[in-house]
$ cat model.txt   # compact mmCIF, N, CA and C atoms
# COMPACT_ATOMS: atom_id res chain seq x y z
N MET A 2 104.86 -39.27 60.72
CA MET A 2 104.26 -38.25 59.91
C MET A 2 104.26 -38.68 58.44
N MET A 3 105.28 -39.41 58.03
CA MET A 3 105.35 -39.86 56.64
C MET A 3 104.23 -40.87 56.34
N VAL A 4 103.96 -41.76 57.27
CA VAL A 4 102.87 -42.73 57.09
C VAL A 4 101.54 -42.00 56.98
N GLN A 5 101.32 -41.02 57.85
CA GLN A 5 100.09 -40.24 57.81
C GLN A 5 99.96 -39.52 56.47
N LEU A 6 101.05 -38.96 55.99
CA LEU A 6 101.05 -38.25 54.72
C LEU A 6 100.70 -39.20 53.57
N GLU A 7 101.29 -40.39 53.56
CA GLU A 7 101.03 -41.34 52.48
C GLU A 7 99.59 -41.86 52.51
N GLN A 8 99.06 -42.11 53.70
CA GLN A 8 97.66 -42.54 53.81
C GLN A 8 96.73 -41.46 53.29
N THR A 9 97.01 -40.23 53.66
CA THR A 9 96.18 -39.11 53.24
C THR A 9 96.28 -38.90 51.73
N ARG A 10 97.48 -38.97 51.19
CA ARG A 10 97.68 -38.82 49.76
C ARG A 10 96.97 -39.93 48.99
N GLY A 11 97.03 -41.15 49.51
CA GLY A 11 96.36 -42.28 48.87
C GLY A 11 94.84 -42.10 48.82
N MET A 12 94.27 -41.62 49.90
CA MET A 12 92.81 -41.40 49.91
C MET A 12 92.40 -40.27 48.99
N ALA A 13 93.24 -39.25 48.88
CA ALA A 13 92.95 -38.15 47.95
C ALA A 13 92.97 -38.67 46.52
N MET A 14 93.91 -39.54 46.21
CA MET A 14 93.98 -40.14 44.87
C MET A 14 92.76 -41.04 44.61
N TYR A 15 92.36 -41.78 45.63
CA TYR A 15 91.19 -42.65 45.52
C TYR A 15 89.94 -41.81 45.20
N ALA A 16 89.77 -40.71 45.90
CA ALA A 16 88.61 -39.83 45.65
C ALA A 16 88.67 -39.26 44.24
N ALA A 17 89.85 -38.91 43.78
CA ALA A 17 89.99 -38.38 42.42
C ALA A 17 89.63 -39.45 41.39
N MET A 18 90.04 -40.69 41.63
CA MET A 18 89.69 -41.79 40.71
C MET A 18 88.19 -42.05 40.71
N MET A 19 87.58 -41.94 41.88
CA MET A 19 86.15 -42.23 42.00
C MET A 19 85.29 -41.12 41.40
N ALA A 20 85.88 -40.00 41.06
CA ALA A 20 85.12 -38.92 40.42
C ALA A 20 84.58 -39.37 39.07
N ALA A 21 85.23 -40.35 38.46
CA ALA A 21 84.78 -40.87 37.17
C ALA A 21 83.71 -41.96 37.33
N GLU A 22 83.44 -42.37 38.55
CA GLU A 22 82.43 -43.40 38.82
C GLU A 22 81.05 -42.90 38.43
N GLU A 23 80.30 -43.73 37.75
CA GLU A 23 78.95 -43.34 37.31
C GLU A 23 77.94 -43.34 38.44
N ASP A 24 78.12 -44.21 39.42
CA ASP A 24 77.19 -44.31 40.54
C ASP A 24 77.42 -43.15 41.51
N ALA A 25 76.43 -42.27 41.63
CA ALA A 25 76.56 -41.10 42.50
C ALA A 25 76.75 -41.49 43.96
N GLY A 26 76.14 -42.57 44.38
CA GLY A 26 76.29 -43.03 45.76
C GLY A 26 77.72 -43.44 46.05
N GLU A 27 78.33 -44.14 45.12
CA GLU A 27 79.73 -44.54 45.28
C GLU A 27 80.64 -43.32 45.31
N GLN A 28 80.36 -42.36 44.44
CA GLN A 28 81.13 -41.12 44.44
C GLN A 28 81.05 -40.43 45.79
N ARG A 29 79.84 -40.34 46.31
CA ARG A 29 79.62 -39.65 47.59
C ARG A 29 80.33 -40.37 48.73
N ARG A 30 80.25 -41.72 48.75
CA ARG A 30 80.92 -42.47 49.81
C ARG A 30 82.44 -42.29 49.73
N ALA A 31 82.97 -42.33 48.51
CA ALA A 31 84.42 -42.16 48.34
C ALA A 31 84.84 -40.76 48.77
N THR A 32 84.04 -39.77 48.42
CA THR A 32 84.37 -38.40 48.79
C THR A 32 84.31 -38.22 50.30
N ASN A 33 83.29 -38.78 50.93
CA ASN A 33 83.19 -38.68 52.39
C ASN A 33 84.34 -39.39 53.08
N ALA A 34 84.68 -40.60 52.60
CA ALA A 34 85.79 -41.35 53.20
C ALA A 34 87.11 -40.60 53.03
N ALA A 35 87.31 -40.03 51.86
CA ALA A 35 88.54 -39.27 51.62
C ALA A 35 88.57 -38.02 52.49
N THR A 36 87.45 -37.38 52.66
CA THR A 36 87.39 -36.18 53.49
C THR A 36 87.71 -36.51 54.94
N VAL A 37 87.25 -37.66 55.41
CA VAL A 37 87.58 -38.09 56.77
C VAL A 37 89.09 -38.24 56.91
N GLN A 38 89.70 -38.99 56.00
CA GLN A 38 91.14 -39.23 56.08
C GLN A 38 91.95 -37.96 55.89
N VAL A 39 91.58 -37.16 54.91
CA VAL A 39 92.33 -35.92 54.64
C VAL A 39 92.18 -34.95 55.82
N GLY A 40 90.97 -34.84 56.36
CA GLY A 40 90.76 -33.96 57.51
C GLY A 40 91.58 -34.38 58.72
N ARG A 41 91.53 -35.67 59.02
CA ARG A 41 92.30 -36.18 60.16
C ARG A 41 93.80 -36.04 59.90
N GLY A 42 94.21 -36.42 58.69
CA GLY A 42 95.63 -36.37 58.34
C GLY A 42 96.18 -34.95 58.37
N ALA A 43 95.43 -34.02 57.79
CA ALA A 43 95.89 -32.63 57.75
C ALA A 43 96.01 -32.06 59.16
N ARG A 44 95.02 -32.35 59.99
CA ARG A 44 95.07 -31.83 61.36
C ARG A 44 96.26 -32.43 62.12
N ARG A 45 96.43 -33.74 61.99
CA ARG A 45 97.53 -34.38 62.72
C ARG A 45 98.89 -33.91 62.22
N LEU A 46 99.04 -33.84 60.90
CA LEU A 46 100.30 -33.37 60.36
C LEU A 46 100.58 -31.93 60.76
N GLY A 47 99.56 -31.10 60.71
CA GLY A 47 99.73 -29.70 61.11
C GLY A 47 100.13 -29.57 62.56
N GLN A 48 99.47 -30.33 63.41
CA GLN A 48 99.79 -30.28 64.84
C GLN A 48 101.21 -30.78 65.11
N GLU A 49 101.59 -31.86 64.43
CA GLU A 49 102.94 -32.39 64.61
C GLU A 49 103.99 -31.40 64.10
N MET A 50 103.66 -30.74 62.99
CA MET A 50 104.57 -29.76 62.41
C MET A 50 104.80 -28.60 63.39
N VAL A 51 103.72 -28.12 63.99
CA VAL A 51 103.84 -27.03 64.97
C VAL A 51 104.60 -27.53 66.19
N GLN A 52 104.34 -28.75 66.60
CA GLN A 52 105.04 -29.32 67.76
C GLN A 52 106.54 -29.42 67.48
N LEU A 53 106.89 -29.87 66.30
CA LEU A 53 108.30 -30.01 65.94
C LEU A 53 109.03 -28.68 65.88
N HIS A 54 108.40 -27.69 65.30
CA HIS A 54 109.07 -26.41 65.08
C HIS A 54 108.80 -25.39 66.18
N GLY A 55 107.90 -25.71 67.08
CA GLY A 55 107.60 -24.81 68.18
C GLY A 55 106.82 -23.59 67.73
N GLY A 56 106.86 -22.56 68.53
CA GLY A 56 106.09 -21.35 68.26
C GLY A 56 106.47 -20.66 66.96
N VAL A 57 107.70 -20.86 66.51
CA VAL A 57 108.14 -20.21 65.28
C VAL A 57 107.34 -20.72 64.08
N ALA A 58 106.77 -21.91 64.18
CA ALA A 58 105.99 -22.47 63.08
C ALA A 58 104.71 -21.69 62.80
N MET A 59 104.25 -20.92 63.77
CA MET A 59 103.02 -20.16 63.58
C MET A 59 103.27 -18.70 63.18
N THR A 60 104.52 -18.33 63.00
CA THR A 60 104.82 -16.97 62.56
C THR A 60 104.66 -16.88 61.05
N MET A 61 104.45 -15.67 60.55
CA MET A 61 104.27 -15.46 59.11
C MET A 61 105.52 -15.83 58.32
N ALA A 62 106.68 -15.80 58.97
CA ALA A 62 107.94 -16.06 58.28
C ALA A 62 108.19 -17.54 58.02
N HIS A 63 107.51 -18.42 58.73
CA HIS A 63 107.78 -19.86 58.61
C HIS A 63 106.80 -20.51 57.63
N ALA A 64 107.30 -21.40 56.80
CA ALA A 64 106.48 -22.07 55.78
C ALA A 64 105.38 -22.93 56.39
N ALA A 65 105.58 -23.46 57.59
CA ALA A 65 104.59 -24.34 58.21
C ALA A 65 103.24 -23.65 58.35
N ARG A 66 103.25 -22.39 58.69
CA ARG A 66 102.00 -21.65 58.86
C ARG A 66 101.23 -21.55 57.55
N HIS A 67 101.95 -21.44 56.45
CA HIS A 67 101.31 -21.29 55.15
C HIS A 67 100.66 -22.59 54.67
N TYR A 68 100.99 -23.71 55.30
CA TYR A 68 100.33 -24.98 55.02
C TYR A 68 99.21 -25.25 56.01
N PHE A 69 99.48 -25.00 57.28
CA PHE A 69 98.53 -25.36 58.34
C PHE A 69 97.28 -24.49 58.33
N ALA A 70 97.43 -23.20 58.14
CA ALA A 70 96.28 -22.29 58.16
C ALA A 70 95.26 -22.62 57.07
N PRO A 71 95.65 -22.82 55.81
CA PRO A 71 94.66 -23.17 54.79
C PRO A 71 94.00 -24.53 55.03
N LEU A 72 94.76 -25.49 55.56
CA LEU A 72 94.17 -26.80 55.85
C LEU A 72 93.09 -26.68 56.92
N THR A 73 93.33 -25.83 57.90
CA THR A 73 92.33 -25.60 58.94
C THR A 73 91.10 -24.93 58.35
N ALA A 74 91.30 -23.97 57.47
CA ALA A 74 90.17 -23.28 56.83
C ALA A 74 89.36 -24.24 55.95
N ILE A 75 90.03 -25.12 55.23
CA ILE A 75 89.35 -26.10 54.38
C ILE A 75 88.50 -27.02 55.24
N ASP A 76 89.03 -27.43 56.39
CA ASP A 76 88.29 -28.30 57.30
C ASP A 76 87.00 -27.63 57.77
N VAL A 77 87.06 -26.34 58.02
CA VAL A 77 85.88 -25.60 58.46
C VAL A 77 84.90 -25.41 57.30
N LEU A 78 85.39 -25.07 56.13
CA LEU A 78 84.53 -24.79 54.99
C LEU A 78 83.75 -26.00 54.48
N PHE A 79 84.42 -27.15 54.40
CA PHE A 79 83.81 -28.32 53.79
C PHE A 79 83.35 -29.37 54.79
N GLY A 80 83.38 -29.06 56.05
CA GLY A 80 82.94 -30.00 57.07
C GLY A 80 84.12 -30.77 57.61
N ASP A 81 84.18 -30.88 58.91
CA ASP A 81 85.30 -31.58 59.51
C ASP A 81 85.17 -33.09 59.35
N ALA A 82 86.23 -33.80 59.70
CA ALA A 82 86.27 -35.24 59.52
C ALA A 82 85.16 -35.94 60.30
N GLU A 83 84.86 -35.43 61.49
CA GLU A 83 83.81 -36.06 62.31
C GLU A 83 82.44 -35.99 61.64
N ARG A 84 82.12 -34.89 61.00
CA ARG A 84 80.85 -34.76 60.29
C ARG A 84 80.74 -35.79 59.17
N HIS A 85 81.80 -35.92 58.38
CA HIS A 85 81.79 -36.87 57.27
C HIS A 85 81.79 -38.32 57.77
N ARG A 86 82.43 -38.55 58.91
CA ARG A 86 82.40 -39.89 59.50
C ARG A 86 80.99 -40.26 59.91
N ARG A 87 80.25 -39.28 60.47
CA ARG A 87 78.86 -39.53 60.85
C ARG A 87 78.00 -39.82 59.63
N VAL A 88 78.24 -39.11 58.53
CA VAL A 88 77.48 -39.35 57.29
C VAL A 88 77.71 -40.79 56.82
N LEU A 89 78.94 -41.24 56.85
CA LEU A 89 79.24 -42.62 56.45
C LEU A 89 78.65 -43.62 57.42
N SER A 90 78.65 -43.29 58.70
CA SER A 90 78.09 -44.16 59.72
C SER A 90 76.60 -44.37 59.49
N VAL A 91 75.89 -43.31 59.20
CA VAL A 91 74.45 -43.39 58.94
C VAL A 91 74.19 -44.23 57.68
N ALA A 92 75.10 -44.10 56.69
CA ALA A 92 74.93 -44.84 55.44
C ALA A 92 75.36 -46.30 55.57
N GLY A 93 75.88 -46.69 56.75
CA GLY A 93 76.27 -48.07 56.95
C GLY A 93 77.72 -48.33 56.57
N GLU A 94 78.47 -47.29 56.25
CA GLU A 94 79.88 -47.40 55.88
C GLU A 94 80.71 -46.90 57.05
N LEU A 95 80.60 -47.54 58.19
CA LEU A 95 81.18 -47.05 59.43
C LEU A 95 82.70 -46.94 59.35
N ILE A 96 83.20 -45.79 59.75
CA ILE A 96 84.63 -45.55 59.91
C ILE A 96 84.85 -45.28 61.39
N PRO A 97 85.75 -46.01 62.03
CA PRO A 97 85.95 -45.83 63.47
C PRO A 97 86.36 -44.39 63.81
N ALA A 98 85.91 -43.94 64.95
CA ALA A 98 86.27 -42.59 65.43
C ALA A 98 87.75 -42.58 65.81
N GLY A 99 88.34 -41.39 65.75
CA GLY A 99 89.73 -41.23 66.19
C GLY A 99 90.67 -41.39 65.13
$ encode --input "model.txt" --output "structure tokens"
Amino acid sequence: MMVQLEQTRGMAMYAAMMAAEEDAGEQRRATNAATVQVGRGARRLGQEMVQLHGGVAMTMAHAARHYFAPLTAIDVLFGDAERHRRVLSVAGELIPAG
């Protein structure tokens, strides 16, 4: 889980750095790539967190729910990782599925 967290954090930082890039295409590719990693990472971390803590992780009293629920909502609002992976695939910046 720590490796997944660090990979996800690194891609988020990369996307933030690329926001200053003048080339809009590069910005878009960086944002799509970061969204793929963050979407996958958030889902995997959330699932592992629920697995580790069991059913109690989904109760209102447990902190895990307060992280996992918004991450799921963000994935729905801004497009899931698979959608952004397809965008990169069409642009020739293929990211392997899974």
$ atom_distance --input "model.txt" --atom1 "CA of Leu89 (chain A)" --atom2 "CA of Arg41 (chain A)"
15.0 Å
$ residues_around --input "model.txt" --residues "Asp76 (chain A)" --least-positions-apart "6" --cutoff "8 Å" --atoms "only N, CA and C atoms" --output "list in words"
Val39, Gly40, Ala70 and Ala82 of chain A
$ closest_atom_pairs --input "model.txt" --of "region 16-53 of chain A" --to "region 6-9 of chain A" --cutoff "7 Å" --atoms "only N, CA and C atoms" --output "Markdown table"
| residue | atom | partner | partner_atom | distance |
| --- | --- | --- | --- | --- |
| A:Gln38 | C | A:Thr9 | CA | 5.1 |
| A:Val39 | CA | A:Thr9 | CA | 5.2 |
| A:Gly42 | CA | A:Thr9 | CA | 5.8 |
| A:Ala43 | N | A:Thr9 | CA | 6.9 |
$ select_by_dssp --input "model.txt" --residues "chain A" --states "helix (DSSP H, G or I)" --output "MDAnalysis selection string"
chainID A and resid 3:19 25:59 64:79 82:91
$ closest_residue --input "model.txt" --among "A:Leu72, A:Met2, A:Leu53, A:Asn33" --to "Arg86 (chain A)" --atoms "all atoms listed in the file"
A:Asn33
$ closest_residue --input "model.txt" --among "A:Tyr68, A:Met19, A:Ser90, A:Met12" --to "Arg44 (chain A)" --atoms "only C-alpha atoms"
A:Tyr68
$ closest_residue --input "model.txt" --among "A:Val37, A:Ala17, A:Gln5, A:Arg66" --to "Arg84 (chain A)" --atoms "all atoms listed in the file"
A:Val37
$ atom_distance --input "model.txt" --atom1 "CA of Phe69 (chain A)" --atom2 "CA of Gly47 (chain A)"
5.3 Å
$ closest_residue --input "model.txt" --among "A:Ala64, A:Thr36, A:Arg45, A:Val4" --to "Glu83 (chain A)" --atoms "all atoms listed in the file"
A:Thr36
$ closest_residue --input "model.txt" --among "A:Met3, A:Met50, A:Ala31, A:Ala74" --to "Val88 (chain A)" --atoms "only C-alpha atoms"
A:Ala31
